[in-house]
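A.B. asks: What follows is a single structure, and I will ask about it in a moment.
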Amino acid sequence: MLRKKLEILFLTIILLALSILGYNYYRSYSFKHNPLPNSYLKRIAAKEQDVLAHMQKNFGFQVQFPIIITDKIPGRLYGLSSYENGRITILLNKKVMQESMNYMIDSVIPHEYAHALLFYLHKNSSEKAGHSKLWRHTCQKFGGKDCRQYVDQQEIILSKLPFKVK
Ligand SMILES: [Zn+2]
């Protein structure tokens, strides 16, 4: 009798574990294969407005750069800034958003916006000079929570992007 009860208990636990596993798999599959949910888009747009307000306050003007959300960025890079033929673009990596959305909002957007503004002001002429003191101050003025360089990451691109965005 006790054995039977234990069997039922174990079976229930296994079924529960499997359904949690299945649910998590479904969630990440669905995130990957669908456009970015509206709640994410709203947070990104709100943060951009916040960065622009900081720009107005600290620099006395506002310039908005296109933000492209893509899953084509290779590896686990959070985002990157590109400057190609005078066109400045910020790219954010959709692949890491589900697990790192807070970091994306608090740190990555101000980080990349600081690169973009320095491109715009022609104060960033080489990929190596990307994380200068001026860049760090700009990132901080944009309200960036973590204004450090990403370790060993190539996230400033001054030539044609080495991958297709769409
Ligand atoms: Zn950077």
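Labels used: A, B, ... for chains in the order of the structure tokens, numbers from 1 for residues in each chain, and numbers from 1 for ligands as shown.
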Using only C-alpha atoms and all ligand atoms, find each residue with an atom at most 7 Å away from ligand 1 and format the answer as an MDAnalysis selection string.
C.D. replies: chainID A and resid 111:112 115 130:131 149:150 155:156
A.B. asks: Can you pull out every residue within 9 Å of Val108 of chain A, counting only C-alpha atoms, but drop anything in the same chain fewer than 4 positions away, and send it as a list of chain:residue names?
C.D. replies: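 Here the answer would be A:Tyr78, A:Gly79, A:Leu80, A:Leu92, A:Tyr103, A:Met104, A:Glu112, A:Tyr113, A:Gly144, A:Lys145, A:Asp146, A:Cys147.
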A.B. asks: With C-alpha atoms retained, could you export that selection as a compact mmCIF listing (two decimals), in the first residue's frame?
C.D. replies:
```txt
# COMPACT_ATOMS: atom_id res chain seq x y z
CA TYR A 78 24.82 42.33 -26.27
CA GLY A 79 24.96 45.05 -28.84
CA LEU A 80 27.16 46.98 -31.20
CA LEU A 92 20.90 45.07 -30.12
CA TYR A 103 21.28 44.71 -18.36
CA MET A 104 20.27 45.60 -21.91
CA GLU A 112 26.01 51.99 -27.48
CA TYR A 113 24.35 55.42 -27.58
CA GLY A 144 24.59 54.12 -17.99
CA LYS A 145 24.75 51.85 -14.98
CA ASP A 146 27.79 49.90 -16.12
CA CYS A 147 30.09 51.98 -18.35
```
A.B. asks: Which polymer residues have any atom within 8 Å of an atom of segment 43-60 of chain A, counting only C-alpha atoms, with same-chain residues fewer than 2 positions away left out, as a PyMOL selection string?
C.D. replies: chain A and resi 39-41+62-64+105+109-110+113+141-143
A.B. asks: Those selected residues, please, written with all heavy atoms and delivered as a short mmCIF file (atom, residue, chain, number, x, y, z; two decimals), in the first residue's frame.
C.D. replies:
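The resulting file, result_9.cif, is reproduced below:
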```cif
data_model
loop_
_atom_site.label_atom_id
_atom_site.label_comp_id
_atom_site.auth_asym_id
_atom_site.auth_seq_id
_atom_site.Cartn_x
_atom_site.Cartn_y
_atom_site.Cartn_z
N SER A 39 6.08 44.31 -24.91
CA SER A 39 6.57 44.81 -23.62
C SER A 39 8.07 45.13 -23.72
O SER A 39 8.53 46.11 -23.13
CB SER A 39 6.30 43.78 -22.54
OG SER A 39 6.89 42.55 -22.89
N TYR A 40 8.80 44.33 -24.46
CA TYR A 40 10.24 44.58 -24.64
C TYR A 40 10.46 45.84 -25.48
O TYR A 40 11.30 46.68 -25.15
CB TYR A 40 10.92 43.38 -25.32
CG TYR A 40 11.12 42.18 -24.42
CD1 TYR A 40 10.04 41.42 -23.99
CD2 TYR A 40 12.40 41.81 -24.02
CE1 TYR A 40 10.23 40.31 -23.18
CE2 TYR A 40 12.60 40.70 -23.21
CZ TYR A 40 11.51 39.96 -22.79
OH TYR A 40 11.71 38.87 -21.98
N LEU A 41 9.71 45.94 -26.57
CA LEU A 41 9.85 47.10 -27.45
C LEU A 41 9.56 48.39 -26.68
O LEU A 41 10.25 49.40 -26.85
CB LEU A 41 8.89 46.98 -28.64
CG LEU A 41 9.23 45.88 -29.65
CD1 LEU A 41 8.12 45.72 -30.67
CD2 LEU A 41 10.56 46.21 -30.35
N GLN A 62 19.68 67.07 -29.03
CA GLN A 62 19.27 65.67 -29.11
C GLN A 62 19.47 65.15 -30.51
O GLN A 62 19.06 65.81 -31.47
CB GLN A 62 17.78 65.54 -28.79
CG GLN A 62 17.47 65.42 -27.33
CD GLN A 62 15.99 65.17 -27.11
OE1 GLN A 62 15.33 64.49 -27.89
NE2 GLN A 62 15.46 65.73 -26.04
N VAL A 63 20.09 64.01 -30.64
CA VAL A 63 20.12 63.37 -31.95
C VAL A 63 19.83 61.89 -31.76
O VAL A 63 20.41 61.22 -30.91
CB VAL A 63 21.45 63.63 -32.70
CG1 VAL A 63 22.63 63.49 -31.79
CG2 VAL A 63 21.61 62.72 -33.90
N GLN A 64 18.84 61.43 -32.52
CA GLN A 64 18.36 60.06 -32.35
C GLN A 64 19.02 59.15 -33.39
O GLN A 64 19.14 59.53 -34.56
CB GLN A 64 16.84 60.04 -32.51
CG GLN A 64 16.21 58.76 -32.05
CD GLN A 64 14.68 58.91 -31.92
OE1 GLN A 64 14.11 59.93 -32.28
NE2 GLN A 64 14.03 57.87 -31.43
N ILE A 105 18.77 47.20 -20.84
CA ILE A 105 18.17 48.51 -20.62
C ILE A 105 19.12 49.42 -19.83
O ILE A 105 19.41 50.54 -20.24
CB ILE A 105 16.83 48.35 -19.85
CG1 ILE A 105 15.81 47.60 -20.71
CG2 ILE A 105 16.29 49.70 -19.41
CD1 ILE A 105 15.32 48.32 -21.93
N ILE A 109 22.16 49.97 -23.74
CA ILE A 109 21.64 51.07 -24.56
C ILE A 109 22.44 52.37 -24.34
O ILE A 109 22.88 52.98 -25.30
CB ILE A 109 20.10 51.23 -24.38
CG1 ILE A 109 19.41 49.99 -24.97
CG2 ILE A 109 19.59 52.50 -25.05
CD1 ILE A 109 17.91 49.94 -24.75
N PRO A 110 22.68 52.79 -23.08
CA PRO A 110 23.54 53.97 -22.89
C PRO A 110 24.96 53.75 -23.44
O PRO A 110 25.54 54.68 -24.01
CB PRO A 110 23.58 54.15 -21.37
CG PRO A 110 22.37 53.45 -20.86
CD PRO A 110 22.11 52.32 -21.80
N TYR A 113 24.73 54.04 -27.22
CA TYR A 113 24.35 55.42 -27.58
C TYR A 113 25.55 56.36 -27.43
O TYR A 113 25.70 57.31 -28.20
CB TYR A 113 23.17 55.91 -26.73
CG TYR A 113 22.00 56.32 -27.61
CD1 TYR A 113 21.03 55.39 -27.95
CD2 TYR A 113 21.90 57.62 -28.11
CE1 TYR A 113 19.98 55.75 -28.78
CE2 TYR A 113 20.84 57.98 -28.94
CZ TYR A 113 19.89 57.05 -29.27
OH TYR A 113 18.86 57.40 -30.11
N LYS A 141 27.04 60.09 -18.57
CA LYS A 141 26.09 61.20 -18.72
C LYS A 141 24.76 60.74 -19.28
O LYS A 141 23.74 61.40 -19.11
CB LYS A 141 26.69 62.28 -19.62
CG LYS A 141 27.67 63.18 -18.89
CD LYS A 141 28.26 64.21 -19.82
CE LYS A 141 29.37 64.98 -19.13
NZ LYS A 141 30.29 65.59 -20.10
N PHE A 142 24.77 59.60 -19.98
CA PHE A 142 23.52 59.05 -20.51
C PHE A 142 22.82 58.17 -19.48
O PHE A 142 21.83 57.50 -19.79
CB PHE A 142 23.79 58.23 -21.78
CG PHE A 142 24.10 59.06 -22.99
CD1 PHE A 142 24.53 58.47 -24.17
CD2 PHE A 142 23.96 60.44 -22.96
CE1 PHE A 142 24.81 59.24 -25.29
CE2 PHE A 142 24.24 61.22 -24.08
CZ PHE A 142 24.67 60.61 -25.25
N GLY A 143 23.37 58.15 -18.27
CA GLY A 143 22.73 57.37 -17.21
C GLY A 143 23.10 55.89 -17.23
O GLY A 143 22.41 55.07 -16.62
#
```
A.B. asks: Would you kindly return, as a PyMOL selection string, each protein, DNA or RNA residue with an atom no farther than 12 Å from any atom of Leu158 of chain A, considering only C-alpha atoms and excluding same-chain residues fewer than 3 positions away?
C.D. replies: chain A and resi 80-89+115-116+119+124-130+154-155+161-162
A.B. asks: Which residue is closest to Leu134 of chain A? Choose from A:Thr70, A:Phe163, A:Leu118, A:Ser100 and count only C-alpha atoms.
C.D. replies: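 Looking at the shortest contact to Leu134 of chain A, the residue is A:Leu118.
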A.B. asks: Check the DSSP output for the backbone and give back, as a PyMOL selection string, the residues of chain A in alpha helix (DSSP H).
C.D. replies: chain A and resi 2-33+38-59+97-103+109-120+133-141
A.B. asks: May I ask for the distance between atom CA of Glu99 of chain A and atom CA of Pro74 of chain A, given in Å to one decimal place?
C.D. replies: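 Result for atom CA of Glu99 of chain A versus atom CA of Pro74 of chain A: 16.9 Å, one decimal.
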A.B. asks: For Leu121 of chain A, which of A:Leu9, A:Trp135, A:Arg3, A:Ile68 is the closest residue, counting only C-alpha atoms?
C.D. replies: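 Of the candidates, the smallest distance to Leu121 of chain A is held by A:Trp135.
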A.B. asks: Which parts of chain A does DSSP call strand (DSSP E or B) when run on the backbone here, written out as a PyMOL selection string?
C.D. replies: chain A and resi 67-70+79-84+87-93+156-157
